[in-house]
Amino acid sequence: MSVAAPAASYAFKTTNLTRSFAGFKAVNDVSIEIPRGGVRTIIGPNGAGKTTFFNLLSGLLPPSNGHVFFEERDITDLDPYRRARLGIARSFQITNIFNKLTVYENVRLAVQANYDGKANFFLPTRRMGDLHARTAEILRDIGLFDVSGGLAENLSHGDQRRLEIGLVLARDPQVLLLDEPLAGMSPTETHATVELIQRISPGRTILLVEHDIDVVMSISTTITVMQTGQILAVGTPDEIRANEAVQRAYLGGLA
């Protein structure tokens, strides 16, 4: 009787991962394991390579060198849509929603695409019940059920960002890559979105790029600090706060 191999202890692993642009190494020889579960945040100054690293994990950019593994599978050469089928979902710095559709229609189309890979308003009646139930569940999760009949373009910036997270959740991903999900939000919107991230994190790995240090310190399981395309430090919030190299890089900003 064969024994199943144990599940990988990491969500992502990179080996010697490098991405160059006209000779400039935006990500430079990064080898790291990102454990499964929890909220894993990447921080660093502008130009540190955070978004490029995200793009390499999600497949939007091919590496110049090195490899990306997802739960022990080499996905270096996989297209983004194939990575999505493995359970990797990605949001972007710029909100990506259907402004002229209602909030409900946005989420329902995303749910339907996950069911059958198609976005079609004309469905057999027998299909509508399941799609509606899942759509309503996601709308409640992201706190937009009460405004689901309104157009997406009329939502506040913070609500639009939460709607985008809802579209990502429609795939029921194992891993969420959220690139600056709090950018441009008011304090009230930030608080609501942080609560959403905490609410959806159990059973998933959430990888964030974020600049709000107070939020990073309060929400993160571990923090990875990047500088000039390389990993400067990895640790818990307390470990990062006490790290002298990080203190120097941020000019005391984490003290």
# chains A, B, ... in the order shown; residues from 1 in each chain; ligands from 1
$ residues_around --residues "A:Asn243" --least-positions-apart "3" --cutoff "10 Å" --atoms "only C-alpha atoms" --output "PyMOL selection string"
chain A and resi 232-235+237-240+246-248+254-255
$ residues_around --residues "A:Leu178" --least-positions-apart "2" --cutoff "10 Å" --atoms "only C-alpha atoms" --output "PDB file with N, CA and C atoms, in the first residue's frame"
ATOM      1  N   THR A  41       3.437  39.419   4.238  1.00  0.00           N
ATOM      2  CA  THR A  41       3.523  40.751   3.652  1.00  0.00           C
ATOM      3  C   THR A  41       4.933  41.037   3.153  1.00  0.00           C
ATOM      4  N   PHE A  54       6.035  39.961  -7.405  1.00  0.00           N
ATOM      5  CA  PHE A  54       4.639  39.504  -7.525  1.00  0.00           C
ATOM      6  C   PHE A  54       4.352  39.031  -8.949  1.00  0.00           C
ATOM      7  N   ALA A  89      -4.496  33.332  -7.247  1.00  0.00           N
ATOM      8  CA  ALA A  89      -5.282  34.466  -7.739  1.00  0.00           C
ATOM      9  C   ALA A  89      -4.556  35.757  -7.411  1.00  0.00           C
ATOM     10  N   ARG A  90      -4.743  36.750  -8.266  1.00  0.00           N
ATOM     11  CA  ARG A  90      -3.961  37.983  -8.165  1.00  0.00           C
ATOM     12  C   ARG A  90      -4.844  39.210  -8.362  1.00  0.00           C
ATOM     13  N   SER A  91      -4.671  40.219  -7.507  1.00  0.00           N
ATOM     14  CA  SER A  91      -5.288  41.526  -7.746  1.00  0.00           C
ATOM     15  C   SER A  91      -4.172  42.510  -8.079  1.00  0.00           C
ATOM     16  N   PHE A  92      -4.561  43.691  -8.547  1.00  0.00           N
ATOM     17  CA  PHE A  92      -3.584  44.641  -9.056  1.00  0.00           C
ATOM     18  C   PHE A  92      -3.683  45.978  -8.324  1.00  0.00           C
ATOM     19  N   GLN A  93      -2.637  46.827  -8.530  1.00  0.00           N
ATOM     20  CA  GLN A  93      -2.648  48.151  -7.925  1.00  0.00           C
ATOM     21  C   GLN A  93      -3.804  48.989  -8.475  1.00  0.00           C
ATOM     22  N   ILE A 165     -11.516  42.240  -4.751  1.00  0.00           N
ATOM     23  CA  ILE A 165     -11.149  41.069  -3.946  1.00  0.00           C
ATOM     24  C   ILE A 165     -12.244  40.009  -4.063  1.00  0.00           C
ATOM     25  N   VAL A 168     -11.735  38.036  -7.106  1.00  0.00           N
ATOM     26  CA  VAL A 168     -10.652  37.082  -6.885  1.00  0.00           C
ATOM     27  C   VAL A 168     -11.158  35.883  -6.081  1.00  0.00           C
ATOM     28  N   VAL A 175      -4.283  30.614  -2.761  1.00  0.00           N
ATOM     29  CA  VAL A 175      -3.333  31.699  -2.531  1.00  0.00           C
ATOM     30  C   VAL A 175      -3.869  32.968  -3.182  1.00  0.00           C
ATOM     31  N   LEU A 176      -3.862  34.071  -2.432  1.00  0.00           N
ATOM     32  CA  LEU A 176      -4.242  35.372  -2.959  1.00  0.00           C
ATOM     33  C   LEU A 176      -3.022  36.274  -2.955  1.00  0.00           C
ATOM     34  N   GLU A 180      -0.866  46.057  -3.050  1.00  0.00           N
ATOM     35  CA  GLU A 180      -1.272  47.334  -2.475  1.00  0.00           C
ATOM     36  C   GLU A 180      -2.790  47.476  -2.410  1.00  0.00           C
ATOM     37  N   PRO A 181      -3.478  46.576  -1.732  1.00  0.00           N
ATOM     38  CA  PRO A 181      -4.945  46.623  -1.689  1.00  0.00           C
ATOM     39  C   PRO A 181      -5.498  47.830  -0.945  1.00  0.00           C
ATOM     40  N   LEU A 182      -4.675  48.518  -0.153  1.00  0.00           N
ATOM     41  CA  LEU A 182      -5.159  49.644   0.637  1.00  0.00           C
ATOM     42  C   LEU A 182      -4.814  50.993   0.012  1.00  0.00           C
ATOM     43  N   ILE A 197      -9.626  41.206   4.852  1.00  0.00           N
ATOM     44  CA  ILE A 197      -8.464  40.338   4.645  1.00  0.00           C
ATOM     45  C   ILE A 197      -8.323  39.344   5.787  1.00  0.00           C
ATOM     46  N   ILE A 206      -2.341  34.371   2.106  1.00  0.00           N
ATOM     47  CA  ILE A 206      -2.516  35.699   1.509  1.00  0.00           C
ATOM     48  C   ILE A 206      -1.157  36.387   1.495  1.00  0.00           C
ATOM     49  N   LEU A 207      -0.747  36.774   0.306  1.00  0.00           N
ATOM     50  CA  LEU A 207       0.528  37.462   0.128  1.00  0.00           C
ATOM     51  C   LEU A 207       0.234  38.897  -0.278  1.00  0.00           C
ATOM     52  N   LEU A 208       0.715  39.850   0.522  1.00  0.00           N
ATOM     53  CA  LEU A 208       0.433  41.270   0.307  1.00  0.00           C
ATOM     54  C   LEU A 208       1.705  42.025  -0.049  1.00  0.00           C
ATOM     55  N   VAL A 209       1.566  43.018  -0.921  1.00  0.00           N
ATOM     56  CA  VAL A 209       2.515  44.118  -1.001  1.00  0.00           C
ATOM     57  C   VAL A 209       1.809  45.317  -0.386  1.00  0.00           C
ATOM     58  N   GLU A 210       2.430  45.931   0.608  1.00  0.00           N
ATOM     59  CA  GLU A 210       1.743  47.019   1.307  1.00  0.00           C
ATOM     60  C   GLU A 210       2.751  48.028   1.847  1.00  0.00           C
TER      61      GLU A 210
END
$ residues_around --residues "A:Asn16" --least-positions-apart "2" --cutoff "9 Å" --atoms "only C-alpha atoms" --output "ChimeraX atom specification"
/A:14,18,28-32,65-67
$ write_last_selection --atoms "N, CA and C atoms" --output "PDB file, in the first residue's frame"
ATOM      1  N   THR A  14      11.137  30.068  -4.379  1.00  0.00           N
ATOM      2  CA  THR A  14      11.898  30.541  -5.529  1.00  0.00           C
ATOM      3  C   THR A  14      13.357  30.171  -5.340  1.00  0.00           C
ATOM      4  N   THR A  18      15.516  35.793 -10.782  1.00  0.00           N
ATOM      5  CA  THR A  18      16.074  37.057 -11.261  1.00  0.00           C
ATOM      6  C   THR A  18      15.233  37.579 -12.420  1.00  0.00           C
ATOM      7  N   ASN A  28      16.801  40.222  -7.945  1.00  0.00           N
ATOM      8  CA  ASN A  28      18.187  39.807  -8.109  1.00  0.00           C
ATOM      9  C   ASN A  28      18.512  38.570  -7.277  1.00  0.00           C
ATOM     10  N   ASP A  29      18.423  37.382  -7.904  1.00  0.00           N
ATOM     11  CA  ASP A  29      18.901  36.135  -7.307  1.00  0.00           C
ATOM     12  C   ASP A  29      18.187  35.824  -5.984  1.00  0.00           C
ATOM     13  N   VAL A  30      16.869  35.887  -6.007  1.00  0.00           N
ATOM     14  CA  VAL A  30      16.071  35.685  -4.790  1.00  0.00           C
ATOM     15  C   VAL A  30      15.734  34.205  -4.621  1.00  0.00           C
ATOM     16  N   SER A  31      16.133  33.645  -3.507  1.00  0.00           N
ATOM     17  CA  SER A  31      15.775  32.279  -3.121  1.00  0.00           C
ATOM     18  C   SER A  31      15.071  32.353  -1.778  1.00  0.00           C
ATOM     19  N   ILE A  32      13.795  31.971  -1.754  1.00  0.00           N
ATOM     20  CA  ILE A  32      13.000  32.112  -0.545  1.00  0.00           C
ATOM     21  C   ILE A  32      11.865  31.107  -0.547  1.00  0.00           C
ATOM     22  N   ASN A  65      16.179  34.466 -15.013  1.00  0.00           N
ATOM     23  CA  ASN A  65      16.893  33.303 -14.499  1.00  0.00           C
ATOM     24  C   ASN A  65      16.159  32.794 -13.267  1.00  0.00           C
ATOM     25  N   GLY A  66      16.371  31.525 -12.933  1.00  0.00           N
ATOM     26  CA  GLY A  66      15.811  30.966 -11.712  1.00  0.00           C
ATOM     27  C   GLY A  66      14.476  30.279 -11.934  1.00  0.00           C
ATOM     28  N   HIS A  67      13.881  29.845 -10.820  1.00  0.00           N
ATOM     29  CA  HIS A  67      12.664  29.035 -10.872  1.00  0.00           C
ATOM     30  C   HIS A  67      11.672  29.477  -9.804  1.00  0.00           C
TER      31      HIS A  67
END
$ select_by_dssp --residues "stretch 144-225 of chain A" --states "alpha helix (DSSP H)" --output "mmCIF file with C-alpha atoms, in the first residue's frame"
data_model
loop_
_atom_site.group_PDB
_atom_site.id
_atom_site.type_symbol
_atom_site.label_atom_id
_atom_site.label_comp_id
_atom_site.auth_asym_id
_atom_site.auth_seq_id
_atom_site.Cartn_x
_atom_site.Cartn_y
_atom_site.Cartn_z
ATOM 1 C CA HIS A 157 -12.756 53.638 -3.997
ATOM 2 C CA GLY A 158 -12.533 51.355 -0.966
ATOM 3 C CA ASP A 159 -15.676 49.457 -1.945
ATOM 4 C CA GLN A 160 -14.360 49.035 -5.484
ATOM 5 C CA ARG A 161 -11.187 47.493 -4.103
ATOM 6 C CA ARG A 162 -13.249 45.126 -1.960
ATOM 7 C CA LEU A 163 -15.321 44.237 -5.016
ATOM 8 C CA GLU A 164 -12.107 43.355 -6.840
ATOM 9 C CA ILE A 165 -11.149 41.069 -3.946
ATOM 10 C CA GLY A 166 -14.601 39.500 -4.312
ATOM 11 C CA LEU A 167 -13.871 38.759 -7.980
ATOM 12 C CA VAL A 168 -10.652 37.082 -6.885
ATOM 13 C CA LEU A 169 -12.506 35.087 -4.204
ATOM 14 C CA PRO A 187 -8.896 55.403 7.293
ATOM 15 C CA THR A 188 -12.455 54.014 7.454
ATOM 16 C CA GLU A 189 -12.020 52.149 4.160
ATOM 17 C CA THR A 190 -8.629 50.851 5.264
ATOM 18 C CA HIS A 191 -10.107 49.480 8.481
ATOM 19 C CA ALA A 192 -12.920 47.724 6.611
ATOM 20 C CA THR A 193 -10.528 46.187 4.079
ATOM 21 C CA VAL A 194 -8.118 44.995 6.761
ATOM 22 C CA GLU A 195 -11.068 43.300 8.492
ATOM 23 C CA LEU A 196 -11.991 41.680 5.163
ATOM 24 C CA ILE A 197 -8.464 40.338 4.645
ATOM 25 C CA GLN A 198 -8.442 38.910 8.159
ATOM 26 C CA ARG A 199 -11.880 37.377 7.616
ATOM 27 C CA ILE A 200 -10.946 35.563 4.406
ATOM 28 C CA ILE A 213 3.550 50.032 8.151
ATOM 29 C CA ASP A 214 0.981 50.198 10.954
ATOM 30 C CA VAL A 215 -1.293 47.839 9.030
ATOM 31 C CA VAL A 216 1.628 45.581 8.089
ATOM 32 C CA MET A 217 2.651 45.208 11.704
ATOM 33 C CA SER A 218 -0.894 44.481 12.878
ATOM 34 C CA ILE A 219 -1.999 42.019 10.201
#
$ residues_around --residues "stretch 24-27 of chain A" --least-positions-apart "5" --cutoff "9 Å" --atoms "only C-alpha atoms" --output "list in words"
Leu17, Thr18, Arg19, Gly47, Ala48, Gly49, Lys50, Thr52, Phe53, Pro63, Thr228, Gly229 and Gln230 of chain A
$ write_last_selection --atoms "C-alpha atoms" --output "short mmCIF file (atom, residue, chain, number, x, y, z; two decimals), in the first residue's frame"
data_model
loop_
_atom_site.label_atom_id
_atom_site.label_comp_id
_atom_site.auth_asym_id
_atom_site.auth_seq_id
_atom_site.Cartn_x
_atom_site.Cartn_y
_atom_site.Cartn_z
CA LEU A 17 14.93 34.12 -9.15
CA THR A 18 16.07 37.06 -11.26
CA ARG A 19 14.36 39.53 -13.57
CA GLY A 47 11.98 50.36 -6.56
CA ALA A 48 12.76 47.50 -4.20
CA GLY A 49 11.33 44.94 -6.64
CA LYS A 50 8.13 44.05 -4.77
CA THR A 52 8.14 42.64 -10.09
CA PHE A 53 8.46 39.76 -7.62
CA PRO A 63 12.15 35.31 -15.10
CA THR A 228 17.30 46.79 -4.43
CA GLY A 229 15.78 43.57 -5.75
CA GLN A 230 17.02 41.36 -2.94
#
$ select_by_dssp --residues "stretch 7-248 of chain A" --states "strand (DSSP E or B)" --output "PyMOL selection string"
chain A and resi 10-21+24-35+38-43+65-70+73-74+88-90+102+151+175-179+205-209+222-227+230-235
$ residues_around --residues "stretch 130-133 of chain A" --least-positions-apart "3" --cutoff "7 Å" --atoms "only C-alpha atoms" --output "list in words"
Arg108, Val111, Gln112, Arg127, Ala136 and Glu137 of chain A
$ residues_around --residues "A:Arg204" --least-positions-apart "3" --cutoff "9 Å" --atoms "only C-alpha atoms" --output "VMD selection string"
chain A and resid 36 to 39 173 to 176 200 to 201
$ atom_distance --atom1 "atom CA of A:Ile138" --atom2 "atom CA of A:Asn154"
19.2 Å
$ closest_residue --among "A:Leu109, A:Ala245, A:Leu56, A:Ala152" --to "A:Arg83" --atoms "only C-alpha atoms"
A:Leu56
$ atom_distance --atom1 "atom CA of A:Gly44" --atom2 "atom CA of A:Asp74"
26.8 Å
